[in-house]
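Trainee: Next up, coords-v9.txt (compact mmCIF, N, CA, C and O atoms).
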# COMPACT_ATOMS: atom_id res chain seq x y z
N MET A 1 -117.39 -3.62 -65.60
CA MET A 1 -118.45 -4.06 -64.70
C MET A 1 -117.83 -4.45 -63.36
O MET A 1 -116.92 -5.26 -63.31
N PRO A 2 -118.32 -3.85 -62.28
CA PRO A 2 -117.77 -4.19 -60.96
C PRO A 2 -118.10 -5.62 -60.57
O PRO A 2 -119.09 -6.18 -61.00
N GLY A 3 -117.22 -6.20 -59.76
CA GLY A 3 -117.40 -7.58 -59.32
C GLY A 3 -118.50 -7.71 -58.28
O GLY A 3 -119.00 -6.73 -57.74
N ILE A 4 -118.85 -8.94 -58.01
CA ILE A 4 -119.86 -9.24 -56.98
C ILE A 4 -119.22 -8.98 -55.62
O ILE A 4 -118.12 -9.46 -55.33
N THR A 5 -119.91 -8.27 -54.77
CA THR A 5 -119.37 -7.94 -53.46
C THR A 5 -119.79 -8.98 -52.42
O THR A 5 -120.74 -9.73 -52.62
N ARG A 6 -119.08 -8.95 -51.31
CA ARG A 6 -119.43 -9.83 -50.19
C ARG A 6 -120.83 -9.54 -49.69
O ARG A 6 -121.57 -10.44 -49.32
N GLU A 7 -121.20 -8.25 -49.69
CA GLU A 7 -122.53 -7.86 -49.22
C GLU A 7 -123.63 -8.44 -50.11
O GLU A 7 -124.68 -8.87 -49.62
N GLU A 8 -123.38 -8.46 -51.42
CA GLU A 8 -124.35 -9.05 -52.34
C GLU A 8 -124.48 -10.56 -52.12
O GLU A 8 -125.58 -11.11 -52.14
N VAL A 9 -123.35 -11.21 -51.88
CA VAL A 9 -123.38 -12.65 -51.61
C VAL A 9 -124.10 -12.91 -50.29
O VAL A 9 -124.91 -13.84 -50.19
N ALA A 10 -123.84 -12.09 -49.29
CA ALA A 10 -124.51 -12.25 -48.00
C ALA A 10 -126.01 -12.04 -48.16
O ALA A 10 -126.82 -12.78 -47.57
N HIS A 11 -126.41 -11.07 -49.00
CA HIS A 11 -127.83 -10.82 -49.25
C HIS A 11 -128.46 -12.04 -49.94
O HIS A 11 -129.55 -12.48 -49.56
N LEU A 12 -127.79 -12.59 -50.93
CA LEU A 12 -128.29 -13.79 -51.60
C LEU A 12 -128.40 -14.95 -50.62
O LEU A 12 -129.34 -15.74 -50.67
N GLY A 13 -127.42 -15.05 -49.73
CA GLY A 13 -127.46 -16.10 -48.72
C GLY A 13 -128.66 -15.96 -47.80
O GLY A 13 -129.34 -16.94 -47.48
N ARG A 14 -128.95 -14.71 -47.38
CA ARG A 14 -130.12 -14.48 -46.53
C ARG A 14 -131.41 -14.83 -47.27
O ARG A 14 -132.31 -15.45 -46.72
N LEU A 15 -131.51 -14.42 -48.55
CA LEU A 15 -132.69 -14.74 -49.34
C LEU A 15 -132.87 -16.25 -49.50
O LEU A 15 -133.99 -16.76 -49.54
N SER A 16 -131.75 -16.96 -49.59
CA SER A 16 -131.78 -18.42 -49.76
C SER A 16 -131.83 -19.14 -48.42
O SER A 16 -131.83 -20.37 -48.38
N ARG A 17 -131.83 -18.37 -47.34
CA ARG A 17 -131.83 -18.93 -45.98
C ARG A 17 -130.62 -19.82 -45.74
O ARG A 17 -130.72 -20.90 -45.17
N LEU A 18 -129.46 -19.35 -46.24
CA LEU A 18 -128.20 -20.04 -46.02
C LEU A 18 -127.35 -19.23 -45.06
O LEU A 18 -127.22 -18.02 -45.21
N GLU A 19 -126.77 -19.89 -44.11
CA GLU A 19 -125.85 -19.22 -43.19
C GLU A 19 -124.44 -19.39 -43.74
O GLU A 19 -123.92 -20.51 -43.82
N LEU A 20 -123.85 -18.28 -44.20
CA LEU A 20 -122.54 -18.34 -44.84
C LEU A 20 -121.47 -17.75 -43.92
O LEU A 20 -121.67 -16.73 -43.28
N LYS A 21 -120.33 -18.41 -43.87
CA LYS A 21 -119.19 -17.93 -43.09
C LYS A 21 -118.43 -16.89 -43.90
O LYS A 21 -118.60 -16.77 -45.10
N ASP A 22 -117.55 -16.14 -43.23
CA ASP A 22 -116.80 -15.07 -43.90
C ASP A 22 -115.97 -15.59 -45.07
O ASP A 22 -115.95 -14.98 -46.14
N GLU A 23 -115.30 -16.72 -44.88
CA GLU A 23 -114.47 -17.25 -45.97
C GLU A 23 -115.33 -17.73 -47.14
O GLU A 23 -114.93 -17.67 -48.30
N GLU A 24 -116.55 -18.19 -46.84
CA GLU A 24 -117.46 -18.61 -47.91
C GLU A 24 -117.94 -17.41 -48.71
O GLU A 24 -118.11 -17.49 -49.93
N LEU A 25 -118.16 -16.27 -48.05
CA LEU A 25 -118.58 -15.07 -48.76
C LEU A 25 -117.54 -14.67 -49.80
O LEU A 25 -117.89 -14.35 -50.95
N ASP A 26 -116.27 -14.68 -49.41
CA ASP A 26 -115.20 -14.34 -50.36
C ASP A 26 -115.13 -15.36 -51.50
O ASP A 26 -115.01 -15.01 -52.67
N HIS A 27 -115.21 -16.64 -51.14
CA HIS A 27 -115.10 -17.71 -52.12
C HIS A 27 -116.25 -17.64 -53.13
O HIS A 27 -116.05 -17.69 -54.35
N PHE A 28 -117.48 -17.51 -52.63
CA PHE A 28 -118.64 -17.47 -53.51
C PHE A 28 -118.69 -16.19 -54.33
O PHE A 28 -119.17 -16.20 -55.47
N ALA A 29 -118.22 -15.09 -53.77
CA ALA A 29 -118.18 -13.84 -54.54
C ALA A 29 -117.32 -14.01 -55.77
O ALA A 29 -117.69 -13.60 -56.88
N GLY A 30 -116.16 -14.64 -55.61
CA GLY A 30 -115.28 -14.88 -56.76
C GLY A 30 -115.91 -15.82 -57.77
O GLY A 30 -115.84 -15.58 -58.99
N GLN A 31 -116.53 -16.88 -57.29
CA GLN A 31 -117.17 -17.84 -58.19
C GLN A 31 -118.33 -17.21 -58.96
O GLN A 31 -118.47 -17.39 -60.17
N LEU A 32 -119.18 -16.46 -58.25
CA LEU A 32 -120.31 -15.82 -58.92
C LEU A 32 -119.84 -14.79 -59.94
O LEU A 32 -120.44 -14.63 -61.00
N ASP A 33 -118.77 -14.09 -59.62
CA ASP A 33 -118.22 -13.10 -60.54
C ASP A 33 -117.74 -13.79 -61.83
O ASP A 33 -117.97 -13.29 -62.94
N GLU A 34 -117.09 -14.95 -61.70
CA GLU A 34 -116.65 -15.71 -62.88
C GLU A 34 -117.84 -16.19 -63.71
O GLU A 34 -117.81 -16.14 -64.94
N ILE A 35 -118.87 -16.66 -63.05
CA ILE A 35 -120.06 -17.14 -63.75
C ILE A 35 -120.72 -16.00 -64.53
O ILE A 35 -121.06 -16.15 -65.72
N ILE A 36 -120.88 -14.86 -63.89
CA ILE A 36 -121.51 -13.71 -64.56
C ILE A 36 -120.66 -13.24 -65.73
O ILE A 36 -121.17 -12.89 -66.79
N GLY A 37 -119.34 -13.28 -65.56
CA GLY A 37 -118.44 -12.92 -66.66
C GLY A 37 -118.56 -13.87 -67.83
O GLY A 37 -118.57 -13.46 -69.00
N ALA A 38 -118.69 -15.16 -67.56
CA ALA A 38 -118.83 -16.16 -68.63
C ALA A 38 -120.14 -15.96 -69.37
O ALA A 38 -120.19 -16.03 -70.60
N VAL A 39 -121.21 -15.69 -68.66
CA VAL A 39 -122.50 -15.44 -69.30
C VAL A 39 -122.43 -14.18 -70.16
O VAL A 39 -122.95 -14.14 -71.27
N ALA A 40 -121.74 -13.16 -69.68
CA ALA A 40 -121.60 -11.93 -70.46
C ALA A 40 -120.82 -12.18 -71.74
O ALA A 40 -121.17 -11.64 -72.80
N ARG A 41 -119.77 -13.01 -71.69
CA ARG A 41 -119.00 -13.32 -72.90
C ARG A 41 -119.85 -14.07 -73.91
O ARG A 41 -119.78 -13.82 -75.11
N VAL A 42 -120.67 -15.00 -73.45
CA VAL A 42 -121.55 -15.74 -74.36
C VAL A 42 -122.56 -14.78 -74.98
O VAL A 42 -122.87 -14.87 -76.17
N SER A 43 -123.08 -13.86 -74.21
CA SER A 43 -124.05 -12.90 -74.72
C SER A 43 -123.43 -12.02 -75.80
O SER A 43 -124.11 -11.61 -76.73
N GLU A 44 -122.15 -11.70 -75.68
CA GLU A 44 -121.48 -10.89 -76.67
C GLU A 44 -121.35 -11.62 -78.00
O GLU A 44 -121.44 -11.02 -79.06
N VAL A 45 -121.15 -12.92 -77.97
CA VAL A 45 -120.94 -13.71 -79.17
C VAL A 45 -122.23 -13.88 -79.95
O VAL A 45 -122.25 -13.82 -81.18
N ALA A 46 -123.33 -14.12 -79.26
CA ALA A 46 -124.61 -14.34 -79.94
C ALA A 46 -125.06 -13.04 -80.57
O ALA A 46 -125.31 -12.05 -79.90
N GLY A 47 -125.18 -13.05 -81.89
CA GLY A 47 -125.58 -11.86 -82.61
C GLY A 47 -127.01 -11.95 -83.11
O GLY A 47 -127.71 -12.94 -82.87
N GLU A 48 -127.42 -10.91 -83.80
CA GLU A 48 -128.78 -10.86 -84.34
C GLU A 48 -129.02 -11.97 -85.36
O GLU A 48 -130.14 -12.44 -85.52
N ASP A 49 -127.96 -12.39 -86.08
CA ASP A 49 -128.12 -13.38 -87.14
C ASP A 49 -128.07 -14.82 -86.62
O ASP A 49 -128.20 -15.75 -87.40
N VAL A 50 -127.89 -15.00 -85.33
CA VAL A 50 -127.83 -16.35 -84.75
C VAL A 50 -129.17 -16.64 -84.08
O VAL A 50 -129.49 -16.04 -83.05
N PRO A 51 -129.97 -17.56 -84.64
CA PRO A 51 -131.27 -17.84 -84.03
C PRO A 51 -131.11 -18.64 -82.74
O PRO A 51 -130.23 -19.47 -82.62
N PRO A 52 -131.98 -18.38 -81.75
CA PRO A 52 -131.93 -19.17 -80.52
C PRO A 52 -132.30 -20.62 -80.82
O PRO A 52 -133.14 -20.89 -81.68
N THR A 53 -131.68 -21.54 -80.12
CA THR A 53 -131.94 -22.95 -80.35
C THR A 53 -131.84 -23.73 -79.04
O THR A 53 -131.13 -23.31 -78.13
N SER A 54 -132.52 -24.84 -78.98
CA SER A 54 -132.45 -25.68 -77.79
C SER A 54 -131.48 -26.83 -77.97
O SER A 54 -131.17 -27.52 -77.02
N HIS A 55 -131.01 -27.03 -79.22
CA HIS A 55 -130.13 -28.16 -79.50
C HIS A 55 -129.21 -27.77 -80.65
O HIS A 55 -129.66 -27.15 -81.62
N PRO A 56 -127.94 -28.11 -80.60
CA PRO A 56 -127.02 -27.68 -81.66
C PRO A 56 -127.25 -28.37 -83.00
O PRO A 56 -126.86 -27.85 -84.04
N LEU A 57 -127.87 -29.51 -83.00
CA LEU A 57 -128.12 -30.24 -84.25
C LEU A 57 -129.62 -30.26 -84.53
O LEU A 57 -130.43 -30.33 -83.61
N PRO A 58 -130.01 -30.22 -85.79
CA PRO A 58 -131.44 -30.27 -86.08
C PRO A 58 -132.02 -31.63 -85.69
O PRO A 58 -131.41 -32.67 -85.91
N LEU A 59 -133.19 -31.59 -85.11
CA LEU A 59 -133.86 -32.82 -84.69
C LEU A 59 -135.15 -32.99 -85.49
O LEU A 59 -135.84 -32.03 -85.77
N THR A 60 -135.44 -34.23 -85.83
CA THR A 60 -136.70 -34.52 -86.48
C THR A 60 -137.37 -35.66 -85.74
O THR A 60 -136.70 -36.57 -85.24
N ASN A 61 -138.69 -35.59 -85.67
CA ASN A 61 -139.44 -36.63 -84.99
C ASN A 61 -139.66 -37.79 -85.95
O ASN A 61 -140.04 -37.60 -87.10
N VAL A 62 -139.39 -38.98 -85.51
CA VAL A 62 -139.57 -40.16 -86.34
C VAL A 62 -141.01 -40.63 -86.19
O VAL A 62 -141.46 -40.92 -85.09
N MET A 63 -141.71 -40.66 -87.30
CA MET A 63 -143.11 -41.05 -87.27
C MET A 63 -143.30 -42.30 -88.13
O MET A 63 -142.57 -42.51 -89.09
N ARG A 64 -144.26 -43.11 -87.77
CA ARG A 64 -144.60 -44.26 -88.58
C ARG A 64 -146.01 -44.05 -89.09
O ARG A 64 -146.81 -43.35 -88.47
N PRO A 65 -146.34 -44.67 -90.20
CA PRO A 65 -147.70 -44.52 -90.71
C PRO A 65 -148.72 -45.14 -89.76
O PRO A 65 -148.44 -46.14 -89.10
N ASP A 66 -149.87 -44.52 -89.67
CA ASP A 66 -150.94 -45.02 -88.83
C ASP A 66 -151.71 -46.08 -89.62
O ASP A 66 -152.43 -45.76 -90.56
N VAL A 67 -151.51 -47.33 -89.23
CA VAL A 67 -152.12 -48.45 -89.95
C VAL A 67 -153.14 -49.12 -89.04
O VAL A 67 -152.84 -49.46 -87.90
N VAL A 68 -154.34 -49.30 -89.56
CA VAL A 68 -155.39 -49.98 -88.80
C VAL A 68 -155.10 -51.47 -88.79
O VAL A 68 -154.84 -52.07 -89.84
N ARG A 69 -155.08 -52.05 -87.60
CA ARG A 69 -154.83 -53.49 -87.46
C ARG A 69 -155.94 -54.09 -86.61
O ARG A 69 -156.59 -53.36 -85.85
N PRO A 70 -156.12 -55.38 -86.67
CA PRO A 70 -157.15 -56.01 -85.84
C PRO A 70 -156.85 -55.79 -84.35
O PRO A 70 -155.69 -55.84 -83.92
N SER A 71 -157.90 -55.51 -83.60
CA SER A 71 -157.73 -55.30 -82.16
C SER A 71 -158.98 -55.78 -81.43
O SER A 71 -159.90 -56.32 -82.04
N LEU A 72 -159.03 -55.54 -80.13
CA LEU A 72 -160.17 -55.97 -79.32
C LEU A 72 -161.40 -55.11 -79.62
O LEU A 72 -161.28 -53.91 -79.88
N THR A 73 -162.54 -55.71 -79.52
CA THR A 73 -163.79 -54.94 -79.61
C THR A 73 -164.00 -54.28 -78.25
O THR A 73 -163.40 -54.69 -77.23
N PRO A 74 -164.84 -53.24 -78.17
CA PRO A 74 -165.10 -52.63 -76.86
C PRO A 74 -165.63 -53.64 -75.84
O PRO A 74 -165.24 -53.59 -74.67
N GLN A 75 -166.47 -54.58 -76.27
CA GLN A 75 -166.99 -55.58 -75.35
C GLN A 75 -165.87 -56.48 -74.81
O GLN A 75 -165.85 -56.82 -73.62
N GLN A 76 -164.94 -56.88 -75.69
CA GLN A 76 -163.83 -57.71 -75.24
C GLN A 76 -162.92 -56.94 -74.28
O GLN A 76 -162.47 -57.48 -73.27
N ALA A 77 -162.64 -55.69 -74.60
CA ALA A 77 -161.76 -54.89 -73.75
C ALA A 77 -162.36 -54.66 -72.38
O ALA A 77 -161.64 -54.63 -71.37
N LEU A 78 -163.68 -54.49 -72.31
CA LEU A 78 -164.34 -54.19 -71.04
C LEU A 78 -164.84 -55.44 -70.32
O LEU A 78 -165.41 -55.33 -69.23
N SER A 79 -164.61 -56.60 -70.87
CA SER A 79 -165.16 -57.83 -70.29
C SER A 79 -164.68 -58.10 -68.87
O SER A 79 -165.40 -58.66 -68.06
N GLY A 80 -163.49 -57.69 -68.51
CA GLY A 80 -162.98 -57.94 -67.16
C GLY A 80 -163.10 -56.75 -66.24
O GLY A 80 -162.65 -56.79 -65.09
N ALA A 81 -163.70 -55.65 -66.72
CA ALA A 81 -163.80 -54.44 -65.90
C ALA A 81 -164.84 -54.62 -64.81
O ALA A 81 -165.93 -55.15 -65.05
N PRO A 82 -164.57 -54.17 -63.59
CA PRO A 82 -165.55 -54.28 -62.51
C PRO A 82 -166.77 -53.39 -62.75
O PRO A 82 -167.86 -53.68 -62.29
N ALA A 83 -166.57 -52.28 -63.48
CA ALA A 83 -167.69 -51.38 -63.79
C ALA A 83 -167.42 -50.72 -65.13
O ALA A 83 -166.27 -50.42 -65.47
N GLN A 84 -168.51 -50.48 -65.88
CA GLN A 84 -168.36 -49.81 -67.18
C GLN A 84 -169.57 -48.93 -67.44
O GLN A 84 -170.64 -49.14 -66.86
N GLU A 85 -169.37 -47.93 -68.28
CA GLU A 85 -170.45 -47.01 -68.62
C GLU A 85 -170.17 -46.43 -70.00
O GLU A 85 -169.06 -45.92 -70.25
N GLN A 86 -171.12 -46.50 -70.90
CA GLN A 86 -171.01 -45.97 -72.26
C GLN A 86 -169.74 -46.47 -72.97
O GLN A 86 -168.98 -45.70 -73.53
N GLN A 87 -169.51 -47.75 -72.90
CA GLN A 87 -168.34 -48.41 -73.50
C GLN A 87 -167.01 -47.84 -72.99
O GLN A 87 -166.03 -47.74 -73.72
N ARG A 88 -166.96 -47.48 -71.71
CA ARG A 88 -165.74 -46.98 -71.07
C ARG A 88 -165.60 -47.61 -69.70
O ARG A 88 -166.57 -48.02 -69.08
N PHE A 89 -164.36 -47.65 -69.21
CA PHE A 89 -164.13 -48.10 -67.84
C PHE A 89 -164.72 -47.06 -66.90
O PHE A 89 -164.50 -45.86 -67.09
N LYS A 90 -165.44 -47.50 -65.90
CA LYS A 90 -166.00 -46.59 -64.91
C LYS A 90 -165.15 -46.71 -63.64
O LYS A 90 -164.97 -47.81 -63.11
N VAL A 91 -164.63 -45.57 -63.19
CA VAL A 91 -163.78 -45.55 -62.01
C VAL A 91 -164.36 -44.60 -60.98
O VAL A 91 -165.14 -43.70 -61.33
N PRO A 92 -164.00 -44.74 -59.72
CA PRO A 92 -164.52 -43.82 -58.69
C PRO A 92 -164.02 -42.40 -58.93
O PRO A 92 -162.90 -42.18 -59.38
N GLN A 93 -164.87 -41.45 -58.63
CA GLN A 93 -164.50 -40.03 -58.76
C GLN A 93 -163.50 -39.67 -57.67
O GLN A 93 -163.69 -40.03 -56.50
N ILE A 94 -162.43 -38.95 -58.03
CA ILE A 94 -161.42 -38.61 -57.03
C ILE A 94 -161.21 -37.11 -56.87
O ILE A 94 -160.68 -36.66 -55.88
N LEU A 95 -161.63 -36.29 -57.83
CA LEU A 95 -161.36 -34.87 -57.75
C LEU A 95 -162.56 -34.03 -57.30
O LEU A 95 -162.44 -32.84 -57.13
N GLY A 96 -163.72 -34.64 -57.16
CA GLY A 96 -164.88 -33.91 -56.73
C GLY A 96 -165.46 -33.02 -57.81
O GLY A 96 -166.16 -32.07 -57.53
N GLU A 97 -165.12 -33.29 -59.07
CA GLU A 97 -165.64 -32.51 -60.18
C GLU A 97 -166.67 -33.32 -60.93
O GLU A 97 -166.70 -34.53 -60.89
N ASP A 98 -167.55 -32.61 -61.66
CA ASP A 98 -168.55 -33.31 -62.47
C ASP A 98 -168.01 -33.52 -63.86
O ASP A 98 -167.29 -32.83 -64.42
Represent the structure of the file as structure tokens.
Mentor:
Amino acid sequence: MPGITREEVAHLGRLSRLELKDEELDHFAGQLDEIIGAVARVSEVAGEDVPPTSHPLPLTNVMRPDVVRPSLTPQQALSGAPAQEQQRFKVPQILGED
């Protein structure tokens, strides 16, 4: 696979609206070439039998039982509200939707 050229780096710089100097073009071309090579090596290692994963260790969500406990009644919860409607807090409309 051919390496990243200065022209390709300059093109990426123009697309990114970056003004790159000549020495930066050479420097970034080498760095980008190394990055692409590293990604290619990782792609070679991952085979059909290796499932994609977002985390190397299995994760489980910790859940607790849903237990009903004493709480406020709707009237108590809304007692300090400046406005209420159908046992809910009433707030000013902000999105212009119904």
Trainee: What's the 8 Å shell around segment 85-88 of chain A, counting all atoms listed in the file, without same-chain residues fewer than 6 positions away, as a CSV table (one decimal) with N, CA, C and O atoms, in the frame of the given file?
Mentor:
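Written out: out_35.csv:
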chain,number,residue,atom,x,y,z
A,74,PRO,N,-164.8,-53.2,-78.2
A,74,PRO,CA,-165.1,-52.6,-76.9
A,74,PRO,C,-165.6,-53.6,-75.8
A,74,PRO,O,-165.2,-53.6,-74.7
A,75,GLN,N,-166.5,-54.6,-76.3
A,75,GLN,CA,-167.0,-55.6,-75.4
A,75,GLN,C,-165.9,-56.5,-74.8
A,75,GLN,O,-165.8,-56.8,-73.6
A,77,ALA,N,-162.6,-55.7,-74.6
A,77,ALA,CA,-161.8,-54.9,-73.8
A,77,ALA,C,-162.4,-54.7,-72.4
A,77,ALA,O,-161.6,-54.6,-71.4
A,78,LEU,N,-163.7,-54.5,-72.3
A,78,LEU,CA,-164.3,-54.2,-71.0
A,78,LEU,C,-164.8,-55.4,-70.3
A,78,LEU,O,-165.4,-55.3,-69.2
Trainee: From a backbone DSSP assignment, name each residue in chain A labelled alpha helix (DSSP H), as a compact mmCIF listing (two decimals) with N, CA, C and O atoms, in the coordinates of the input.
Mentor:
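In the end it all went to out-v7.txt:
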# COMPACT_ATOMS: atom_id res chain seq x y z
N ARG A 6 -119.08 -8.95 -51.31
CA ARG A 6 -119.43 -9.83 -50.19
C ARG A 6 -120.83 -9.54 -49.69
O ARG A 6 -121.57 -10.44 -49.32
N GLU A 7 -121.20 -8.25 -49.69
CA GLU A 7 -122.53 -7.86 -49.22
C GLU A 7 -123.63 -8.44 -50.11
O GLU A 7 -124.68 -8.87 -49.62
N GLU A 8 -123.38 -8.46 -51.42
CA GLU A 8 -124.35 -9.05 -52.34
C GLU A 8 -124.48 -10.56 -52.12
O GLU A 8 -125.58 -11.11 -52.14
N VAL A 9 -123.35 -11.21 -51.88
CA VAL A 9 -123.38 -12.65 -51.61
C VAL A 9 -124.10 -12.91 -50.29
O VAL A 9 -124.91 -13.84 -50.19
N ALA A 10 -123.84 -12.09 -49.29
CA ALA A 10 -124.51 -12.25 -48.00
C ALA A 10 -126.01 -12.04 -48.16
O ALA A 10 -126.82 -12.78 -47.57
N HIS A 11 -126.41 -11.07 -49.00
CA HIS A 11 -127.83 -10.82 -49.25
C HIS A 11 -128.46 -12.04 -49.94
O HIS A 11 -129.55 -12.48 -49.56
N LEU A 12 -127.79 -12.59 -50.93
CA LEU A 12 -128.29 -13.79 -51.60
C LEU A 12 -128.40 -14.95 -50.62
O LEU A 12 -129.34 -15.74 -50.67
N GLY A 13 -127.42 -15.05 -49.73
CA GLY A 13 -127.46 -16.10 -48.72
C GLY A 13 -128.66 -15.96 -47.80
O GLY A 13 -129.34 -16.94 -47.48
N ARG A 14 -128.95 -14.71 -47.38
CA ARG A 14 -130.12 -14.48 -46.53
C ARG A 14 -131.41 -14.83 -47.27
O ARG A 14 -132.31 -15.45 -46.72
N LEU A 15 -131.51 -14.42 -48.55
CA LEU A 15 -132.69 -14.74 -49.34
C LEU A 15 -132.87 -16.25 -49.50
O LEU A 15 -133.99 -16.76 -49.54
N ASP A 22 -117.55 -16.14 -43.23
CA ASP A 22 -116.80 -15.07 -43.90
C ASP A 22 -115.97 -15.59 -45.07
O ASP A 22 -115.95 -14.98 -46.14
N GLU A 23 -115.30 -16.72 -44.88
CA GLU A 23 -114.47 -17.25 -45.97
C GLU A 23 -115.33 -17.73 -47.14
O GLU A 23 -114.93 -17.67 -48.30
N GLU A 24 -116.55 -18.19 -46.84
CA GLU A 24 -117.46 -18.61 -47.91
C GLU A 24 -117.94 -17.41 -48.71
O GLU A 24 -118.11 -17.49 -49.93
N LEU A 25 -118.16 -16.27 -48.05
CA LEU A 25 -118.58 -15.07 -48.76
C LEU A 25 -117.54 -14.67 -49.80
O LEU A 25 -117.89 -14.35 -50.95
N ASP A 26 -116.27 -14.68 -49.41
CA ASP A 26 -115.20 -14.34 -50.36
C ASP A 26 -115.13 -15.36 -51.50
O ASP A 26 -115.01 -15.01 -52.67
N HIS A 27 -115.21 -16.64 -51.14
CA HIS A 27 -115.10 -17.71 -52.12
C HIS A 27 -116.25 -17.64 -53.13
O HIS A 27 -116.05 -17.69 -54.35
N PHE A 28 -117.48 -17.51 -52.63
CA PHE A 28 -118.64 -17.47 -53.51
C PHE A 28 -118.69 -16.19 -54.33
O PHE A 28 -119.17 -16.20 -55.47
N ALA A 29 -118.22 -15.09 -53.77
CA ALA A 29 -118.18 -13.84 -54.54
C ALA A 29 -117.32 -14.01 -55.77
O ALA A 29 -117.69 -13.60 -56.88
N GLY A 30 -116.16 -14.64 -55.61
CA GLY A 30 -115.28 -14.88 -56.76
C GLY A 30 -115.91 -15.82 -57.77
O GLY A 30 -115.84 -15.58 -58.99
N GLN A 31 -116.53 -16.88 -57.29
CA GLN A 31 -117.17 -17.84 -58.19
C GLN A 31 -118.33 -17.21 -58.96
O GLN A 31 -118.47 -17.39 -60.17
N LEU A 32 -119.18 -16.46 -58.25
CA LEU A 32 -120.31 -15.82 -58.92
C LEU A 32 -119.84 -14.79 -59.94
O LEU A 32 -120.44 -14.63 -61.00
N ASP A 33 -118.77 -14.09 -59.62
CA ASP A 33 -118.22 -13.10 -60.54
C ASP A 33 -117.74 -13.79 -61.83
O ASP A 33 -117.97 -13.29 -62.94
N GLU A 34 -117.09 -14.95 -61.70
CA GLU A 34 -116.65 -15.71 -62.88
C GLU A 34 -117.84 -16.19 -63.71
O GLU A 34 -117.81 -16.14 -64.94
N ILE A 35 -118.87 -16.66 -63.05
CA ILE A 35 -120.06 -17.14 -63.75
C ILE A 35 -120.72 -16.00 -64.53
O ILE A 35 -121.06 -16.15 -65.72
N ILE A 36 -120.88 -14.86 -63.89
CA ILE A 36 -121.51 -13.71 -64.56
C ILE A 36 -120.66 -13.24 -65.73
O ILE A 36 -121.17 -12.89 -66.79
N GLY A 37 -119.34 -13.28 -65.56
CA GLY A 37 -118.44 -12.92 -66.66
C GLY A 37 -118.56 -13.87 -67.83
O GLY A 37 -118.57 -13.46 -69.00
N ALA A 38 -118.69 -15.16 -67.56
CA ALA A 38 -118.83 -16.16 -68.63
C ALA A 38 -120.14 -15.96 -69.37
O ALA A 38 -120.19 -16.03 -70.60
N VAL A 39 -121.21 -15.69 -68.66
CA VAL A 39 -122.50 -15.44 -69.30
C VAL A 39 -122.43 -14.18 -70.16
O VAL A 39 -122.95 -14.14 -71.27
N ALA A 40 -121.74 -13.16 -69.68
CA ALA A 40 -121.60 -11.93 -70.46
C ALA A 40 -120.82 -12.18 -71.74
O ALA A 40 -121.17 -11.64 -72.80
N ARG A 41 -119.77 -13.01 -71.69
CA ARG A 41 -119.00 -13.32 -72.90
C ARG A 41 -119.85 -14.07 -73.91
O ARG A 41 -119.78 -13.82 -75.11
N VAL A 42 -120.67 -15.00 -73.45
CA VAL A 42 -121.55 -15.74 -74.36
C VAL A 42 -122.56 -14.78 -74.98
O VAL A 42 -122.87 -14.87 -76.17
N SER A 43 -123.08 -13.86 -74.21
CA SER A 43 -124.05 -12.90 -74.72
C SER A 43 -123.43 -12.02 -75.80
O SER A 43 -124.11 -11.61 -76.73
N GLU A 44 -122.15 -11.70 -75.68
CA GLU A 44 -121.48 -10.89 -76.67
C GLU A 44 -121.35 -11.62 -78.00
O GLU A 44 -121.44 -11.02 -79.06
N VAL A 45 -121.15 -12.92 -77.97
CA VAL A 45 -120.94 -13.71 -79.17
C VAL A 45 -122.23 -13.88 -79.95
O VAL A 45 -122.25 -13.82 -81.18
N PRO A 74 -164.84 -53.24 -78.17
CA PRO A 74 -165.10 -52.63 -76.86
C PRO A 74 -165.63 -53.64 -75.84
O PRO A 74 -165.24 -53.59 -74.67
N GLN A 75 -166.47 -54.58 -76.27
CA GLN A 75 -166.99 -55.58 -75.35
C GLN A 75 -165.87 -56.48 -74.81
O GLN A 75 -165.85 -56.82 -73.62
N GLN A 76 -164.94 -56.88 -75.69
CA GLN A 76 -163.83 -57.71 -75.24
C GLN A 76 -162.92 -56.94 -74.28
O GLN A 76 -162.47 -57.48 -73.27
N ALA A 77 -162.64 -55.69 -74.60
CA ALA A 77 -161.76 -54.89 -73.75
C ALA A 77 -162.36 -54.66 -72.38
O ALA A 77 -161.64 -54.63 -71.37
N LEU A 78 -163.68 -54.49 -72.31
CA LEU A 78 -164.34 -54.19 -71.04
C LEU A 78 -164.84 -55.44 -70.32
O LEU A 78 -165.41 -55.33 -69.23
Trainee: Excluding segment 21-36 of chain A and any residue of its chain fewer than 3 positions from it, enumerate the residues within 8 Å of it, using only N, CA, C and O atoms, and give them as a list in words.
Mentor: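 The neighbour list is Pro2, Gly3, Ile4, Thr5, Arg6, Glu7, Glu8, Val9, Ala10, Leu18, Val39, Ala40, Arg41, Val42 and Ser43 of chain A.
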Trainee: Could you pull out the strand (DSSP E) residues of chain A, going by DSSP on the backbone, and write them as a ChimeraX atom specification?
Mentor: /A:84-85,88-89
Trainee: Just the selected residues (N, CA, C and O atoms), exported as a PDB file, keeping the file's coordinate frame, please.
Mentor:
ATOM      1  N   GLN A  84    -168.510 -50.480 -65.880  1.00  0.00           N
ATOM      2  CA  GLN A  84    -168.360 -49.810 -67.180  1.00  0.00           C
ATOM      3  C   GLN A  84    -169.570 -48.930 -67.440  1.00  0.00           C
ATOM      4  O   GLN A  84    -170.640 -49.140 -66.860  1.00  0.00           O
ATOM      5  N   GLU A  85    -169.370 -47.930 -68.280  1.00  0.00           N
ATOM      6  CA  GLU A  85    -170.450 -47.010 -68.620  1.00  0.00           C
ATOM      7  C   GLU A  85    -170.170 -46.430 -70.000  1.00  0.00           C
ATOM      8  O   GLU A  85    -169.060 -45.920 -70.250  1.00  0.00           O
ATOM      9  N   ARG A  88    -166.960 -47.480 -71.710  1.00  0.00           N
ATOM     10  CA  ARG A  88    -165.740 -46.980 -71.070  1.00  0.00           C
ATOM     11  C   ARG A  88    -165.600 -47.610 -69.700  1.00  0.00           C
ATOM     12  O   ARG A  88    -166.570 -48.020 -69.080  1.00  0.00           O
ATOM     13  N   PHE A  89    -164.360 -47.650 -69.210  1.00  0.00           N
ATOM     14  CA  PHE A  89    -164.130 -48.100 -67.840  1.00  0.00           C
ATOM     15  C   PHE A  89    -164.720 -47.060 -66.900  1.00  0.00           C
ATOM     16  O   PHE A  89    -164.500 -45.860 -67.090  1.00  0.00           O
TER      17      PHE A  89
END
